[in-house]
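Asker: Below is work-v9.pdb; it holds PDB, C-alpha atoms and all ligand atoms.
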ATOM      1  CA  MET A   1       0.000   0.000   0.000  1.00  0.00           C
ATOM      2  CA  ARG A   2       1.427   3.322  -1.084  1.00  0.00           C
ATOM      3  CA  ALA A   3       0.960   6.158   1.390  1.00  0.00           C
ATOM      4  CA  VAL A   4       1.687   9.882   1.332  1.00  0.00           C
ATOM      5  CA  VAL A   5       2.143  11.434   4.779  1.00  0.00           C
ATOM      6  CA  MET A   6       1.133  15.078   5.241  1.00  0.00           C
ATOM      7  CA  VAL A   7       2.778  17.125   7.993  1.00  0.00           C
ATOM      8  CA  SER A   8       3.075  20.680   9.305  1.00  0.00           C
ATOM      9  CA  GLY A   9       5.253  20.359  12.378  1.00  0.00           C
ATOM     10  CA  ARG A  10       7.440  18.228  14.565  1.00  0.00           C
ATOM     11  CA  GLY A  11       6.766  14.922  12.871  1.00  0.00           C
ATOM     12  CA  SER A  12       6.787  12.547  15.827  1.00  0.00           C
ATOM     13  CA  ASN A  13       3.938  10.586  14.242  1.00  0.00           C
ATOM     14  CA  LEU A  14       5.867  10.407  10.975  1.00  0.00           C
ATOM     15  CA  ARG A  15       8.818   9.057  12.943  1.00  0.00           C
ATOM     16  CA  ALA A  16       6.572   6.448  14.580  1.00  0.00           C
ATOM     17  CA  LEU A  17       5.362   5.337  11.144  1.00  0.00           C
ATOM     18  CA  VAL A  18       8.881   5.094   9.734  1.00  0.00           C
ATOM     19  CA  ASP A  19      10.127   3.213  12.803  1.00  0.00           C
ATOM     20  CA  ALA A  20       7.203   0.778  12.688  1.00  0.00           C
ATOM     21  CA  ARG A  21       7.755   0.218   8.981  1.00  0.00           C
ATOM     22  CA  ASP A  22      11.470  -0.418   9.542  1.00  0.00           C
ATOM     23  CA  ALA A  23      10.648  -2.844  12.362  1.00  0.00           C
ATOM     24  CA  GLY A  24       8.364  -4.788  10.027  1.00  0.00           C
ATOM     25  CA  GLN A  25       5.284  -3.810  12.043  1.00  0.00           C
ATOM     26  CA  CYS A  26       3.658  -1.521   9.493  1.00  0.00           C
ATOM     27  CA  ASP A  27       3.319  -2.897   6.017  1.00  0.00           C
ATOM     28  CA  VAL A  28       3.280   0.365   4.099  1.00  0.00           C
ATOM     29  CA  GLU A  29       5.337   2.038   1.399  1.00  0.00           C
ATOM     30  CA  LEU A  30       5.864   5.645   2.465  1.00  0.00           C
ATOM     31  CA  VAL A  31       6.160   7.254  -0.962  1.00  0.00           C
ATOM     32  CA  ALA A  32       6.354  10.929   0.049  1.00  0.00           C
ATOM     33  CA  VAL A  33       6.021  13.481   2.808  1.00  0.00           C
ATOM     34  CA  VAL A  34       4.125  16.643   1.865  1.00  0.00           C
ATOM     35  CA  SER A  35       4.104  19.789   3.988  1.00  0.00           C
ATOM     36  CA  ASP A  36       2.416  23.197   3.939  1.00  0.00           C
ATOM     37  CA  ARG A  37       5.365  24.677   5.849  1.00  0.00           C
ATOM     38  CA  ALA A  38       8.988  24.886   4.779  1.00  0.00           C
ATOM     39  CA  ASP A  39      10.175  24.976   8.413  1.00  0.00           C
ATOM     40  CA  ALA A  40       8.435  21.751   9.506  1.00  0.00           C
ATOM     41  CA  ASP A  41      10.950  19.609  11.424  1.00  0.00           C
ATOM     42  CA  ALA A  42       9.233  16.586   9.920  1.00  0.00           C
ATOM     43  CA  LEU A  43      10.721  17.495   6.512  1.00  0.00           C
ATOM     44  CA  GLY A  44      14.298  17.292   7.787  1.00  0.00           C
ATOM     45  CA  PHE A  45      13.609  13.938   9.391  1.00  0.00           C
ATOM     46  CA  ALA A  46      11.962  12.652   6.199  1.00  0.00           C
ATOM     47  CA  ALA A  47      14.924  13.689   4.058  1.00  0.00           C
ATOM     48  CA  GLN A  48      17.341  12.085   6.542  1.00  0.00           C
ATOM     49  CA  ARG A  49      15.442   8.815   6.241  1.00  0.00           C
ATOM     50  CA  GLY A  50      15.469   8.932   2.449  1.00  0.00           C
ATOM     51  CA  LEU A  51      11.820   9.844   1.890  1.00  0.00           C
ATOM     52  CA  ALA A  52      10.764  12.119  -0.975  1.00  0.00           C
ATOM     53  CA  THR A  53       9.559  15.482   0.296  1.00  0.00           C
ATOM     54  CA  ARG A  54       7.428  18.225  -1.207  1.00  0.00           C
ATOM     55  CA  THR A  55       6.403  21.592   0.187  1.00  0.00           C
ATOM     56  CA  VAL A  56       3.297  23.382  -1.055  1.00  0.00           C
ATOM     57  CA  LEU A  57       3.262  26.857   0.490  1.00  0.00           C
ATOM     58  CA  PRO A  58       0.027  28.866   0.544  1.00  0.00           C
ATOM     59  CA  ARG A  59       1.967  32.066  -0.178  1.00  0.00           C
ATOM     60  CA  ASP A  60       3.208  30.675  -3.508  1.00  0.00           C
ATOM     61  CA  HIS A  61      -0.370  30.489  -4.815  1.00  0.00           C
ATOM     62  CA  ALA A  62      -2.830  33.180  -5.857  1.00  0.00           C
ATOM     63  CA  ASP A  63      -5.538  32.134  -3.417  1.00  0.00           C
ATOM     64  CA  ARG A  64      -6.798  29.298  -1.286  1.00  0.00           C
ATOM     65  CA  ALA A  65      -8.468  27.552  -4.232  1.00  0.00           C
ATOM     66  CA  ALA A  66      -5.227  27.538  -6.239  1.00  0.00           C
ATOM     67  CA  TRP A  67      -3.331  26.154  -3.252  1.00  0.00           C
ATOM     68  CA  ASP A  68      -5.944  23.411  -2.811  1.00  0.00           C
ATOM     69  CA  VAL A  69      -5.459  22.341  -6.432  1.00  0.00           C
ATOM     70  CA  ALA A  70      -1.656  22.440  -6.199  1.00  0.00           C
ATOM     71  CA  LEU A  71      -1.702  20.412  -2.992  1.00  0.00           C
ATOM     72  CA  CYS A  72      -3.941  17.795  -4.562  1.00  0.00           C
ATOM     73  CA  GLU A  73      -1.792  17.550  -7.697  1.00  0.00           C
ATOM     74  CA  THR A  74       1.367  17.228  -5.613  1.00  0.00           C
ATOM     75  CA  VAL A  75      -0.074  14.361  -3.583  1.00  0.00           C
ATOM     76  CA  ASP A  76      -1.692  12.713  -6.604  1.00  0.00           C
ATOM     77  CA  ALA A  77       1.638  12.616  -8.460  1.00  0.00           C
ATOM     78  CA  PHE A  78       2.724   9.897  -6.009  1.00  0.00           C
ATOM     79  CA  ALA A  79      -0.389   7.792  -6.747  1.00  0.00           C
ATOM     80  CA  PRO A  80      -1.067   6.949  -3.112  1.00  0.00           C
ATOM     81  CA  ASP A  81      -3.591   4.346  -1.988  1.00  0.00           C
ATOM     82  CA  LEU A  82      -3.789   6.144   1.352  1.00  0.00           C
ATOM     83  CA  VAL A  83      -3.131   9.692   2.565  1.00  0.00           C
ATOM     84  CA  ILE A  84      -2.083  10.005   6.213  1.00  0.00           C
ATOM     85  CA  LEU A  85      -2.481  13.350   7.973  1.00  0.00           C
ATOM     86  CA  ALA A  86       0.141  13.247  10.724  1.00  0.00           C
ATOM     87  CA  GLY A  87       0.010  16.712  12.257  1.00  0.00           C
ATOM     88  CA  PHE A  88      -1.136  18.489   9.094  1.00  0.00           C
ATOM     89  CA  MET A  89      -2.619  21.676  10.502  1.00  0.00           C
ATOM     90  CA  ARG A  90      -4.886  22.886   7.682  1.00  0.00           C
ATOM     91  CA  ILE A  91      -8.375  21.878   6.681  1.00  0.00           C
ATOM     92  CA  LEU A  92      -8.264  20.027   3.370  1.00  0.00           C
ATOM     93  CA  GLY A  93     -10.206  21.620   0.521  1.00  0.00           C
ATOM     94  CA  ALA A  94     -12.601  20.018  -1.939  1.00  0.00           C
ATOM     95  CA  PRO A  95      -9.959  18.829  -4.455  1.00  0.00           C
ATOM     96  CA  MET A  96      -8.204  16.602  -1.880  1.00  0.00           C
ATOM     97  CA  ILE A  97     -11.451  15.361  -0.319  1.00  0.00           C
ATOM     98  CA  GLN A  98     -12.952  14.484  -3.704  1.00  0.00           C
ATOM     99  CA  ARG A  99      -9.827  12.915  -5.192  1.00  0.00           C
ATOM    100  CA  PHE A 100      -9.052  10.762  -2.154  1.00  0.00           C
ATOM    101  CA  GLU A 101     -12.510  10.299  -0.676  1.00  0.00           C
ATOM    102  CA  GLY A 102     -12.537   7.574   1.974  1.00  0.00           C
ATOM    103  CA  ARG A 103      -8.759   7.143   1.739  1.00  0.00           C
ATOM    104  CA  ILE A 104      -7.529   9.939   4.019  1.00  0.00           C
ATOM    105  CA  VAL A 105      -6.874   9.243   7.703  1.00  0.00           C
ATOM    106  CA  ASN A 106      -6.032  11.738  10.436  1.00  0.00           C
ATOM    107  CA  VAL A 107      -4.730  11.388  13.973  1.00  0.00           C
ATOM    108  CA  HIS A 108      -6.270  13.798  16.470  1.00  0.00           C
ATOM    109  CA  PRO A 109      -5.323  14.347  20.153  1.00  0.00           C
ATOM    110  CA  SER A 110      -8.732  13.853  21.764  1.00  0.00           C
ATOM    111  CA  LEU A 111     -11.442  11.236  22.027  1.00  0.00           C
ATOM    112  CA  LEU A 112     -13.605  12.481  19.152  1.00  0.00           C
ATOM    113  CA  PRO A 113     -16.315  13.651  18.819  1.00  0.00           C
ATOM    114  CA  ALA A 114     -15.188  15.514  21.956  1.00  0.00           C
ATOM    115  CA  PHE A 115     -12.818  18.419  21.396  1.00  0.00           C
ATOM    116  CA  PRO A 116     -12.312  18.686  17.635  1.00  0.00           C
ATOM    117  CA  GLY A 117     -10.212  21.562  16.289  1.00  0.00           C
ATOM    118  CA  LYS A 118      -6.867  23.045  17.054  1.00  0.00           C
ATOM    119  CA  ASP A 119      -5.980  22.224  20.658  1.00  0.00           C
ATOM    120  CA  GLY A 120      -7.598  19.015  21.874  1.00  0.00           C
ATOM    121  CA  PRO A 121      -5.471  18.686  25.053  1.00  0.00           C
ATOM    122  CA  ALA A 122      -6.140  22.276  26.191  1.00  0.00           C
ATOM    123  CA  LEU A 123      -9.871  21.888  25.518  1.00  0.00           C
ATOM    124  CA  ALA A 124      -9.959  18.628  27.500  1.00  0.00           C
ATOM    125  CA  LEU A 125      -8.212  20.291  30.458  1.00  0.00           C
ATOM    126  CA  ALA A 126     -10.523  23.295  30.346  1.00  0.00           C
ATOM    127  CA  ALA A 127     -13.566  21.017  30.332  1.00  0.00           C
ATOM    128  CA  GLY A 128     -12.274  19.069  33.340  1.00  0.00           C
ATOM    129  CA  VAL A 129     -12.692  15.624  31.757  1.00  0.00           C
ATOM    130  CA  LYS A 130     -10.923  12.744  33.506  1.00  0.00           C
ATOM    131  CA  LEU A 131     -10.161  10.706  30.410  1.00  0.00           C
ATOM    132  CA  SER A 132      -8.780  11.892  27.117  1.00  0.00           C
ATOM    133  CA  GLY A 133      -6.781  10.202  24.380  1.00  0.00           C
ATOM    134  CA  CYS A 134      -6.355  10.064  20.652  1.00  0.00           C
ATOM    135  CA  THR A 135      -8.482   9.169  17.668  1.00  0.00           C
ATOM    136  CA  VAL A 136      -7.572   7.939  14.203  1.00  0.00           C
ATOM    137  CA  HIS A 137     -10.445   8.765  11.873  1.00  0.00           C
ATOM    138  CA  LEU A 138     -11.355   9.054   8.228  1.00  0.00           C
ATOM    139  CA  VAL A 139     -11.279  12.608   6.926  1.00  0.00           C
ATOM    140  CA  ASP A 140     -14.370  14.192   5.413  1.00  0.00           C
ATOM    141  CA  ALA A 141     -15.135  17.819   4.532  1.00  0.00           C
ATOM    142  CA  GLY A 142     -15.735  18.782   8.186  1.00  0.00           C
ATOM    143  CA  VAL A 143     -13.293  19.488  11.011  1.00  0.00           C
ATOM    144  CA  ASP A 144     -12.213  16.214  12.678  1.00  0.00           C
ATOM    145  CA  SER A 145     -15.667  14.848  11.882  1.00  0.00           C
ATOM    146  CA  GLY A 146     -15.207  11.707   9.749  1.00  0.00           C
ATOM    147  CA  PRO A 147     -15.890   8.136  10.951  1.00  0.00           C
ATOM    148  CA  VAL A 148     -13.761   6.989  13.881  1.00  0.00           C
ATOM    149  CA  LEU A 149     -11.424   4.074  13.067  1.00  0.00           C
ATOM    150  CA  ALA A 150      -9.646   3.547  16.398  1.00  0.00           C
ATOM    151  CA  GLN A 151      -9.101   5.248  19.738  1.00  0.00           C
ATOM    152  CA  ALA A 152      -6.839   4.970  22.749  1.00  0.00           C
ATOM    153  CA  ALA A 153      -7.609   6.575  26.104  1.00  0.00           C
ATOM    154  CA  VAL A 154      -5.352   8.061  28.765  1.00  0.00           C
ATOM    155  CA  PRO A 155      -6.181   9.575  32.164  1.00  0.00           C
ATOM    156  CA  VAL A 156      -6.134  13.320  32.740  1.00  0.00           C
ATOM    157  CA  LEU A 157      -4.242  13.933  35.982  1.00  0.00           C
ATOM    158  CA  ASP A 158      -4.858  16.775  38.421  1.00  0.00           C
ATOM    159  CA  THR A 159      -1.238  17.792  37.958  1.00  0.00           C
ATOM    160  CA  ASP A 160      -1.464  17.985  34.146  1.00  0.00           C
ATOM    161  CA  ASP A 161      -0.879  21.045  32.066  1.00  0.00           C
ATOM    162  CA  ARG A 162      -1.470  21.151  28.334  1.00  0.00           C
ATOM    163  CA  ASP A 163       2.009  19.876  27.482  1.00  0.00           C
ATOM    164  CA  SER A 164       2.080  16.949  29.918  1.00  0.00           C
ATOM    165  CA  LEU A 165      -1.352  15.787  28.768  1.00  0.00           C
ATOM    166  CA  HIS A 166      -0.421  16.156  25.110  1.00  0.00           C
ATOM    167  CA  ALA A 167       2.791  14.176  25.695  1.00  0.00           C
ATOM    168  CA  ARG A 168       0.828  11.322  27.299  1.00  0.00           C
ATOM    169  CA  ILE A 169      -1.662  11.359  24.413  1.00  0.00           C
ATOM    170  CA  GLN A 170       1.137  11.392  21.847  1.00  0.00           C
ATOM    171  CA  ARG A 171       2.692   8.244  23.261  1.00  0.00           C
ATOM    172  CA  GLU A 172      -0.580   6.523  22.407  1.00  0.00           C
ATOM    173  CA  GLU A 173      -0.741   8.146  18.958  1.00  0.00           C
ATOM    174  CA  HIS A 174       2.662   6.698  18.144  1.00  0.00           C
ATOM    175  CA  VAL A 175       1.366   3.197  18.834  1.00  0.00           C
ATOM    176  CA  LEU A 176      -2.135   3.572  17.422  1.00  0.00           C
ATOM    177  CA  LEU A 177      -1.464   5.275  14.082  1.00  0.00           C
ATOM    178  CA  PRO A 178       1.023   2.669  12.737  1.00  0.00           C
ATOM    179  CA  ARG A 179      -1.299  -0.113  13.890  1.00  0.00           C
ATOM    180  CA  VAL A 180      -4.263   1.386  12.074  1.00  0.00           C
ATOM    181  CA  VAL A 181      -2.230   1.934   8.905  1.00  0.00           C
ATOM    182  CA  HIS A 182      -1.011  -1.668   9.090  1.00  0.00           C
ATOM    183  CA  ALA A 183      -4.583  -2.869   9.596  1.00  0.00           C
ATOM    184  CA  ILE A 184      -5.699  -0.990   6.467  1.00  0.00           C
ATOM    185  CA  ALA A 185      -2.751  -2.317   4.457  1.00  0.00           C
ATOM    186  CA  THR A 186      -3.473  -5.904   5.430  1.00  0.00           C
ATOM    187  CA  GLY A 187      -7.247  -5.705   4.938  1.00  0.00           C
ATOM    188  CA  ARG A 188      -7.992  -6.092   8.642  1.00  0.00           C
ATOM    189  CA  LEU A 189      -9.645  -2.683   8.636  1.00  0.00           C
ATOM    190  CA  VAL A 190     -11.922  -2.134   5.666  1.00  0.00           C
ATOM    191  CA  LEU A 191     -12.480   1.515   4.740  1.00  0.00           C
ATOM    192  CA  GLY A 192     -15.594   2.896   3.049  1.00  0.00           C
ATOM    193  CA  ALA A 193     -18.696   4.821   4.073  1.00  0.00           C
ATOM    194  CA  ARG A 194     -18.955   2.600   7.173  1.00  0.00           C
ATOM    195  CA  PRO A 195     -15.446   1.376   8.001  1.00  0.00           C
ATOM    196  CA  ARG A 196     -15.322  -1.966   9.796  1.00  0.00           C
ATOM    197  CA  TRP A 197     -12.755  -4.150  11.521  1.00  0.00           C
ATOM    198  CA  ARG A 198     -12.853  -7.708  10.267  1.00  0.00           C
ATOM    199  CA  ALA A 199     -13.141 -10.254  13.033  1.00  0.00           C
ATOM    200  CA  THR A 200      -9.941 -12.173  13.771  1.00  0.00           C
ATOM    201  CA  GLY A 201      -8.537 -13.849  16.844  1.00  0.00           C
ATOM    202  CA  THR A 202      -7.127 -10.599  18.243  1.00  0.00           C
ATOM    203  CA  PRO A 203      -9.062  -7.457  19.170  1.00  0.00           C
ATOM    204  CA  PRO A 204      -8.626  -4.177  17.282  1.00  0.00           C
ATOM    205  CA  PRO A 205      -6.025  -1.847  18.814  1.00  0.00           C
ATOM    206  CA  HIS A 206      -8.429   0.374  20.769  1.00  0.00           C
ATOM    207  CA  GLY A 207      -8.080   0.651  24.448  1.00  0.00           C
ATOM    208  CA  LEU A 208      -7.305   2.188  27.756  1.00  0.00           C
ATOM    209  CA  ARG A 209      -3.709   1.553  28.720  1.00  0.00           C
ATOM    210  CA  TRP A 210      -2.557   2.627  32.139  1.00  0.00           C
ATOM    211  CA  PRO A 211      -0.043   2.537  33.654  1.00  0.00           C
ATOM    212  CA  ASN A 212       1.804   3.116  30.436  1.00  0.00           C
ATOM    213  CA  PRO A 213       4.717   0.649  30.257  1.00  0.00           C
ATOM    214  CA  GLN A 214       6.995   3.503  29.145  1.00  0.00           C
ATOM    215  CA  GLU A 215       6.410   5.515  32.333  1.00  0.00           C
TER     216      GLU A 215
HETATM  217  C1  LIG A 301      -0.527  15.298  17.059  1.00  0.00           C
HETATM  218  O1  LIG A 301      -0.857  15.455  18.416  1.00  0.00           O
HETATM  219  C2  LIG A 301      -1.730  14.983  16.232  1.00  0.00           C
HETATM  220  O2  LIG A 301      -2.735  14.340  16.959  1.00  0.00           O
HETATM  221  C3  LIG A 301      -2.206  16.356  15.817  1.00  0.00           C
HETATM  222  O3  LIG A 301      -1.042  17.099  15.620  1.00  0.00           O
HETATM  223  C4  LIG A 301       0.005  16.578  16.430  1.00  0.00           C
HETATM  224  C5  LIG A 301       1.168  16.305  15.523  1.00  0.00           C
HETATM  225  O4  LIG A 301       2.324  15.946  16.201  1.00  0.00           O
HETATM  226  N1  LIG A 301      -3.049  16.259  14.639  1.00  0.00           N
HETATM  227  P1  LIG A 301       3.646  15.489  15.423  1.00  0.00           P
HETATM  228  O5  LIG A 301       3.987  16.575  14.414  1.00  0.00           O
HETATM  229  O6  LIG A 301       3.361  14.184  14.765  1.00  0.00           O
HETATM  230  O7  LIG A 301       4.678  15.378  16.497  1.00  0.00           O
END
Please, can you express the file's structure as structure tokens?
Ligand code: GRF
Answerer:
Amino acid sequence: MRAVVMVSGRGSNLRALVDARDAGQCDVELVAVVSDRADADALGFAAQRGLATRTVLPRDHADRAAWDVALCETVDAFAPDLVILAGFMRILGAPMIQRFEGRIVNVHPSLLPAFPGKDGPALALAAGVKLSGCTVHLVDAGVDSGPVLAQAAVPVLDTDDRDSLHARIQREEHVLLPRVVHAIATGRLVLGARPRWRATGTPPPHGLRWPNPQE
């Protein structure tokens, strides 16, 4: 399965995908990394690991519509079966959604449908919830609104600030996202209007994991 990964920032989820692929735990061909920001750390990491990179900057295009088309053409040139949003911080426009309908996944740092949008961990803290986590979902035209594919939960501690909660959530993202991508690649998770996990001997990788073995 050919996948393009889209990034805007640090790229820890990209790193998790590359590491899982290298460890033989994620059966995916990472054909390119596409960014909307030239200064994304994820681009440097991608280049270091021998991945093709492309940057499509909004300021290089006449307007939002032109950027949407350029972004879609850039991704499409790699003929991906799957597009993975791994910290891509812009809403995708109609060209991407139409071209890759049902084949775009995103990882989001909250238990959707709670706390969509820019800062899931801060919203969870402000709301006083006691559990948060991450969601891998299919992307549709809305904001973090497509069908949920998998989730992992973590506790929110009284001592948490935004960064400590986000760090705990990210540790789960780094496990969950490669597992979901692997499940899609191997046919365990079937995408479509109503995605479904095929029954096998082992359960899908959702769950509440605490204490985290890494802590
Ligand atoms: C992650 O928390 C992801 O859920 C959100 O953006 C963040 C990206 O982190 N969509 P990184 O760039 O992968 O480190």
Asker: Residues at most 10 Å from ligand LIG 301 (chain A), using all atoms listed in the file? Could they come as a PyMOL selection string?
Answerer: chain A and resi 6-17+40-42+85-90+106-110+117-121+133-136+144+166-174+177
Asker: Give me the residues within 12 Å of Phe78 of chain A as a list of chain:residue names, counting all atoms listed in the file and dropping any in the same chain fewer than 3 places off.
Answerer: A:Met1, A:Arg2, A:Ala3, A:Val4, A:Val5, A:Glu29, A:Leu30, A:Val31, A:Ala32, A:Val33, A:Val34, A:Ala52, A:Thr53, A:Arg54, A:Leu71, A:Cys72, A:Glu73, A:Thr74, A:Val75, A:Asp81, A:Leu82, A:Val83
Asker: Report, in Å to a single decimal, how far apart atom CA of Pro95 of chain A and atom CA of Phe115 of chain A are.
Answerer: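 Between atom CA of Phe115 of chain A and atom CA of Pro95 of chain A the gap works out to 26.0 Å.
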Asker: May I ask for the distance between atom CA of Met96 of chain A and atom CA of Val69 of chain A, given in Å to one decimal place?
Answerer: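 Computing the Euclidean distance for atom CA of Met96 of chain A and atom CA of Val69 of chain A yields 7.8 Å.
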Asker: Have a look at atom CA of Leu125 of chain A and atom CA of Pro113 of chain A and let me know their distance in Å, one decimal.
Answerer: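 Result for atom CA of Leu125 of chain A versus atom CA of Pro113 of chain A: 15.7 Å, one decimal.
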Asker: With only C-alpha atoms counted, which protein, DNA or RNA residues have an atom no more than 10 Å from (-5.0, -4.1, 9.6) in the file frame? Please answer as a list in words.
Answerer: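 Final list of nearby residues, as requested, is Cys26, Asp27, Pro178, Arg179, Val180, Val181, His182, Ala183, Ile184, Ala185, Thr186, Gly187, Arg188, Leu189, Val190, Trp197, Arg198, Pro204 and Pro205 of chain A.
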Asker: For each of A:Leu191, A:Ile104, A:Leu123, A:Ala150, take the minimum atom-to-atom distance to Ile84 of chain A, counting all atoms listed in the file, then give the residue where this is smallest.
Answerer: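 With all atoms listed in the file as the atom set, the closest residue is A:Ile104.
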